[in-house]
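**Student:** Have a look at this one before I ask anything.
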Amino acid sequence: MIAIACDHGGFELKKAIKEYLTSQNIAFIDMGCEDASSVDYPIYAEKVAKAIQSGECDRGILLCGTGIGIGIAANKFKGIRAAVCTDCFTAEATREHNDANVLCMGGRVVGAGLAVKITETFLQTPFTGGERHVRRISQIRKIEETGSAL
Ligand code: RB5
């Protein structure tokens, strides 16, 4: 199950991503916003982050003007590894190396066609695993727990 949300800057892009998910029979929950009126992106980052933390959803997609603000907010939540992607290479790499669980994109940065391809790549690419990647993700968890990777 995918949790998807946006602010006004990502509202149009969200429509395109939802169309893609629907066409692929990929289940999702749209956590807002509901139209292109100005809203505060941290609120939508929190909705998606909490849906993942609770286990209601496995992955998230967050869209704002750049993908950056909503990604910064999402990464404040424990267990969230949100990655801003502007191309398929970074989408693939962040799944393989970082086991990213939230994809962030910017409605003012990427067009709908590319955003759909990035989404497809992100959702289809497995985590590579392997000792070094697992170790580094454990270090990120340790930062969350103790304030240090060491
Ligand atoms: C909203 O104007 C804009 O600041 C927001 O969508 C996002 O780009 C922030 O990072």
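Each chain in the structure tokens gets a letter, A, B, ..., in the order shown, and its residues are numbered from 1; ligands are numbered from 1 in order too.
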Please identify the residues whose atoms come within 9 Å of ligand 1, using only C-alpha atoms and all ligand atoms, and report them as a list in words.
**Tutor:**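 Listed by chain and ascending number, the contacts are Cys6, Asp7, His8, Gly9, Gly10, Ser38, Val39, Asp40, Tyr41, Leu63, Cys64, Gly65, Thr66, Gly67, Ile68, Gly69, Ile70, Gly71, Ile72, Gly106, Gly107 and Arg108 of chain A.
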**Student:** Write the residues of the preceding selection, restricted to all heavy atoms, as a short mmCIF file (atom, residue, chain, number, x, y, z; two decimals), in the first residue's frame.
**Tutor:**
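Produced file again23.cif, reproduced below:
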data_model
loop_
_atom_site.label_atom_id
_atom_site.label_comp_id
_atom_site.auth_asym_id
_atom_site.auth_seq_id
_atom_site.Cartn_x
_atom_site.Cartn_y
_atom_site.Cartn_z
N CYS A 6 0.63 15.63 -1.07
CA CYS A 6 1.30 16.76 -1.73
C CYS A 6 0.89 18.07 -1.08
O CYS A 6 -0.05 18.10 -0.28
CB CYS A 6 0.88 16.82 -3.20
SG CYS A 6 -0.87 17.18 -3.42
N ASP A 7 1.61 19.13 -1.42
CA ASP A 7 1.10 20.48 -1.15
C ASP A 7 0.63 21.05 -2.49
O ASP A 7 0.57 20.33 -3.49
CB ASP A 7 2.15 21.35 -0.42
CG ASP A 7 3.26 21.86 -1.34
OD1 ASP A 7 3.33 21.45 -2.53
OD2 ASP A 7 4.07 22.68 -0.86
N HIS A 8 0.31 22.33 -2.48
CA HIS A 8 -0.20 22.96 -3.72
C HIS A 8 0.81 22.88 -4.86
O HIS A 8 0.43 22.75 -6.02
CB HIS A 8 -0.59 24.42 -3.44
CG HIS A 8 0.47 25.21 -2.75
ND1 HIS A 8 0.82 24.98 -1.43
CD2 HIS A 8 1.30 26.18 -3.19
CE1 HIS A 8 1.81 25.81 -1.11
NE2 HIS A 8 2.12 26.54 -2.14
N GLY A 9 2.12 22.93 -4.53
CA GLY A 9 3.16 22.89 -5.57
C GLY A 9 3.25 21.54 -6.26
O GLY A 9 3.81 21.43 -7.35
N GLY A 10 2.73 20.51 -5.61
CA GLY A 10 2.79 19.16 -6.19
C GLY A 10 1.43 18.63 -6.58
O GLY A 10 1.31 17.46 -6.98
N SER A 38 -3.07 27.13 -1.31
CA SER A 38 -1.81 27.07 -0.57
C SER A 38 -1.98 26.37 0.79
O SER A 38 -2.87 26.70 1.56
CB SER A 38 -1.31 28.51 -0.36
OG SER A 38 -0.08 28.48 0.31
N VAL A 39 -1.11 25.41 1.03
CA VAL A 39 -1.12 24.65 2.30
C VAL A 39 0.34 24.50 2.76
O VAL A 39 1.27 24.81 2.02
CB VAL A 39 -1.75 23.24 2.13
CG1 VAL A 39 -3.25 23.33 1.86
CG2 VAL A 39 -1.05 22.44 1.03
N ASP A 40 0.51 23.98 3.96
CA ASP A 40 1.85 23.82 4.55
C ASP A 40 2.33 22.37 4.38
O ASP A 40 1.74 21.44 4.94
CB ASP A 40 1.82 24.20 6.03
CG ASP A 40 1.43 25.65 6.22
OD1 ASP A 40 1.71 26.48 5.33
OD2 ASP A 40 0.81 25.97 7.26
N TYR A 41 3.42 22.20 3.63
CA TYR A 41 3.86 20.84 3.28
C TYR A 41 4.24 19.94 4.47
O TYR A 41 4.08 18.73 4.39
CB TYR A 41 5.00 20.89 2.24
CG TYR A 41 6.21 21.68 2.63
CD1 TYR A 41 7.15 21.17 3.51
CD2 TYR A 41 6.42 22.96 2.13
CE1 TYR A 41 8.27 21.91 3.88
CE2 TYR A 41 7.53 23.71 2.50
CZ TYR A 41 8.45 23.18 3.39
OH TYR A 41 9.54 23.90 3.77
N LEU A 63 4.92 15.05 -2.80
CA LEU A 63 5.14 15.99 -3.90
C LEU A 63 4.93 17.41 -3.40
O LEU A 63 3.89 17.70 -2.78
CB LEU A 63 4.14 15.67 -5.02
CG LEU A 63 4.09 14.19 -5.39
CD1 LEU A 63 2.80 13.82 -6.07
CD2 LEU A 63 5.29 13.81 -6.24
N CYS A 64 5.92 18.26 -3.64
CA CYS A 64 5.72 19.69 -3.38
C CYS A 64 6.32 20.44 -4.57
O CYS A 64 6.49 19.84 -5.64
CB CYS A 64 6.30 20.12 -2.03
SG CYS A 64 8.09 20.08 -1.88
N GLY A 65 6.63 21.71 -4.42
CA GLY A 65 7.17 22.46 -5.56
C GLY A 65 8.49 21.91 -6.04
O GLY A 65 8.72 21.73 -7.24
N THR A 66 9.37 21.61 -5.11
CA THR A 66 10.70 21.08 -5.45
C THR A 66 10.91 19.63 -5.01
O THR A 66 11.86 18.99 -5.45
CB THR A 66 11.79 21.91 -4.73
OG1 THR A 66 11.53 21.82 -3.32
CG2 THR A 66 11.77 23.36 -5.16
N GLY A 67 10.09 19.16 -4.09
CA GLY A 67 10.30 17.86 -3.44
C GLY A 67 11.19 17.99 -2.21
O GLY A 67 11.28 17.06 -1.40
N ILE A 68 11.83 19.15 -2.06
CA ILE A 68 12.84 19.28 -1.01
C ILE A 68 12.21 19.54 0.36
O ILE A 68 12.52 18.84 1.34
CB ILE A 68 13.85 20.38 -1.38
CG1 ILE A 68 14.62 20.00 -2.65
CG2 ILE A 68 14.83 20.61 -0.22
CD1 ILE A 68 15.50 21.11 -3.21
N GLY A 69 11.34 20.54 0.46
CA GLY A 69 10.76 20.88 1.77
C GLY A 69 10.01 19.70 2.36
O GLY A 69 10.18 19.36 3.55
N ILE A 70 9.20 19.06 1.55
CA ILE A 70 8.38 17.96 2.04
C ILE A 70 9.28 16.75 2.39
O ILE A 70 8.98 16.00 3.33
CB ILE A 70 7.28 17.63 0.99
CG1 ILE A 70 6.04 17.06 1.67
CG2 ILE A 70 7.79 16.75 -0.16
CD1 ILE A 70 4.77 17.19 0.85
N GLY A 71 10.42 16.64 1.69
CA GLY A 71 11.38 15.57 1.99
C GLY A 71 12.11 15.84 3.29
O GLY A 71 12.34 14.92 4.09
N ILE A 72 12.51 17.09 3.50
CA ILE A 72 13.19 17.45 4.76
C ILE A 72 12.26 17.14 5.93
O ILE A 72 12.67 16.53 6.92
CB ILE A 72 13.59 18.94 4.76
CG1 ILE A 72 14.72 19.19 3.76
CG2 ILE A 72 14.00 19.40 6.16
CD1 ILE A 72 15.05 20.68 3.55
N GLY A 106 9.36 17.15 -7.24
CA GLY A 106 8.88 18.52 -7.31
C GLY A 106 8.04 18.77 -8.55
O GLY A 106 8.50 18.53 -9.67
N GLY A 107 6.85 19.28 -8.33
CA GLY A 107 5.95 19.60 -9.44
C GLY A 107 6.45 20.74 -10.30
O GLY A 107 6.01 20.91 -11.44
N ARG A 108 7.41 21.54 -9.75
CA ARG A 108 7.99 22.62 -10.54
C ARG A 108 9.33 22.22 -11.14
O ARG A 108 10.04 23.04 -11.70
CB ARG A 108 8.16 23.87 -9.65
CG ARG A 108 6.84 24.40 -9.12
CD ARG A 108 7.02 25.46 -8.06
NE ARG A 108 5.73 25.76 -7.44
CZ ARG A 108 5.58 26.30 -6.24
NH1 ARG A 108 6.65 26.62 -5.51
NH2 ARG A 108 4.37 26.52 -5.75
#
**Student:** Would you write out, as CSV, a table of all residues in region 51-122 of chain A that have an atom no more than 12 Å from an atom of region 11-29 of chain A, listing for each the closest atom pair and the distance in Å to one decimal, considering only C-alpha atoms and ordering rows by chain and rising residue number?
**Tutor:**
residue,atom,partner,partner_atom,distance
A:Ala51,CA,A:Ile29,CA,9.5
A:Ile52,CA,A:Ile29,CA,11.5
A:Glu56,CA,A:Ile29,CA,9.7
A:Cys57,CA,A:Phe28,CA,8.3
A:Asp58,CA,A:Phe28,CA,10.1
A:Arg59,CA,A:Phe28,CA,9.5
A:Gly60,CA,A:Phe28,CA,9.1
A:Ile61,CA,A:Lys14,CA,8.9
A:Leu62,CA,A:Lys14,CA,8.4
A:Leu63,CA,A:Lys14,CA,6.8
A:Cys64,CA,A:Phe11,CA,7.5
A:Gly65,CA,A:Phe11,CA,8.9
A:Thr66,CA,A:Leu13,CA,11.3
A:Gly67,CA,A:Leu13,CA,11.1
A:Leu103,CA,A:Ile17,CA,11.6
A:Cys104,CA,A:Lys14,CA,11.0
A:Met105,CA,A:Leu13,CA,8.7
A:Gly106,CA,A:Leu13,CA,8.0
A:Gly107,CA,A:Leu13,CA,5.5
A:Arg108,CA,A:Leu13,CA,9.0
A:Val109,CA,A:Leu13,CA,10.2
A:Val110,CA,A:Leu13,CA,8.6
A:Gly111,CA,A:Leu13,CA,7.7
A:Ala112,CA,A:Leu13,CA,6.0
A:Gly113,CA,A:Ala16,CA,8.3
A:Leu114,CA,A:Ile17,CA,10.3
A:Ala115,CA,A:Ile17,CA,7.4
A:Val116,CA,A:Ile17,CA,5.9
A:Lys117,CA,A:Tyr20,CA,9.5
A:Ile118,CA,A:Ile17,CA,10.0
A:Thr119,CA,A:Ile17,CA,7.6
A:Glu120,CA,A:Tyr20,CA,8.8
**Student:** To test your reading of the structure, identify every residue in region 2-148 of chain A that backbone DSSP assigns to helix (DSSP H, G or I), and report it as a PyMOL selection string.
**Tutor:** chain A and resi 8-23+41-53+68-74+88-98+112-124+131-146
**Student:** Residues at most 8 Å from Leu150 (chain A), counting only C-alpha atoms, excluding those fewer than 2 positions away in the same chain, as a short mmCIF file (atom, residue, chain, number, x, y, z; two decimals) with N, CA, C and O atoms, in the first residue's frame?
**Tutor:**
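Dumped everything to part10.cif:
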data_model
loop_
_atom_site.label_atom_id
_atom_site.label_comp_id
_atom_site.auth_asym_id
_atom_site.auth_seq_id
_atom_site.Cartn_x
_atom_site.Cartn_y
_atom_site.Cartn_z
N GLN A 139 23.49 2.62 10.77
CA GLN A 139 24.09 3.84 11.33
C GLN A 139 23.10 5.00 11.29
O GLN A 139 23.06 5.81 12.23
N LYS A 142 20.92 4.49 14.12
CA LYS A 142 21.61 4.83 15.36
C LYS A 142 21.60 6.35 15.58
O LYS A 142 21.47 6.82 16.71
N SER A 148 24.08 9.99 17.16
CA SER A 148 25.39 9.77 16.54
C SER A 148 25.38 8.43 15.80
O SER A 148 24.74 7.47 16.24
#
**Student:** Per DSSP on the backbone, what are the strand (DSSP E) residues of chain A, as a list in words?
**Tutor:** Ile2, Ala3, Ile4, Ala5, Cys6, Phe28, Ile29, Asp30, Arg59, Gly60, Ile61, Leu62, Leu63, Cys64, Ala82, Ala83, Val84, Val102, Leu103, Cys104, Met105 and Gly106 of chain A
**Student:** Those selected residues, please, written with N, CA and C atoms and delivered as a compact mmCIF listing (two decimals), in the first residue's frame.
**Tutor:**
# COMPACT_ATOMS: atom_id res chain seq x y z
N ILE A 2 0.55 2.18 -0.87
CA ILE A 2 1.32 3.41 -1.02
C ILE A 2 0.53 4.57 -0.40
N ALA A 3 1.21 5.38 0.40
CA ALA A 3 0.61 6.62 0.88
C ALA A 3 1.12 7.74 -0.02
N ILE A 4 0.22 8.57 -0.52
CA ILE A 4 0.63 9.68 -1.40
C ILE A 4 0.03 10.98 -0.88
N ALA A 5 0.83 12.03 -0.91
CA ALA A 5 0.32 13.34 -0.47
C ALA A 5 1.15 14.43 -1.13
N CYS A 6 0.63 15.63 -1.07
CA CYS A 6 1.30 16.76 -1.73
C CYS A 6 0.89 18.07 -1.08
N PHE A 28 -3.32 2.64 -3.30
CA PHE A 28 -2.77 3.83 -2.65
C PHE A 28 -3.84 4.52 -1.81
N ILE A 29 -3.35 5.30 -0.86
CA ILE A 29 -4.25 6.15 -0.07
C ILE A 29 -3.80 7.59 -0.33
N ASP A 30 -4.72 8.42 -0.79
CA ASP A 30 -4.42 9.84 -1.03
C ASP A 30 -4.69 10.60 0.27
N ARG A 59 5.19 2.17 1.52
CA ARG A 59 5.99 3.21 0.87
C ARG A 59 5.16 4.48 0.79
N GLY A 60 5.88 5.61 0.57
CA GLY A 60 5.20 6.88 0.42
C GLY A 60 5.68 7.64 -0.79
N ILE A 61 4.82 8.50 -1.29
CA ILE A 61 5.19 9.43 -2.36
C ILE A 61 4.74 10.81 -1.92
N LEU A 62 5.69 11.76 -1.90
CA LEU A 62 5.41 13.12 -1.45
C LEU A 62 5.80 14.11 -2.54
N LEU A 63 4.92 15.05 -2.80
CA LEU A 63 5.14 15.99 -3.90
C LEU A 63 4.93 17.41 -3.40
N CYS A 64 5.92 18.26 -3.64
CA CYS A 64 5.72 19.69 -3.38
C CYS A 64 6.32 20.44 -4.57
N ALA A 82 13.49 9.38 3.19
CA ALA A 82 12.85 10.05 2.05
C ALA A 82 13.91 10.58 1.11
N ALA A 83 13.75 10.33 -0.18
CA ALA A 83 14.74 10.73 -1.18
C ALA A 83 14.09 11.61 -2.25
N VAL A 84 14.70 12.76 -2.49
CA VAL A 84 14.25 13.62 -3.59
C VAL A 84 14.90 13.10 -4.86
N VAL A 102 10.38 6.56 1.02
CA VAL A 102 9.52 7.65 0.53
C VAL A 102 10.20 8.33 -0.66
N LEU A 103 9.46 8.45 -1.74
CA LEU A 103 9.93 9.15 -2.94
C LEU A 103 9.37 10.57 -2.92
N CYS A 104 10.26 11.55 -3.08
CA CYS A 104 9.83 12.95 -3.12
C CYS A 104 10.16 13.52 -4.50
N MET A 105 9.23 14.25 -5.04
CA MET A 105 9.49 14.92 -6.33
C MET A 105 8.85 16.30 -6.31
N GLY A 106 9.36 17.15 -7.24
CA GLY A 106 8.88 18.52 -7.31
C GLY A 106 8.04 18.77 -8.55
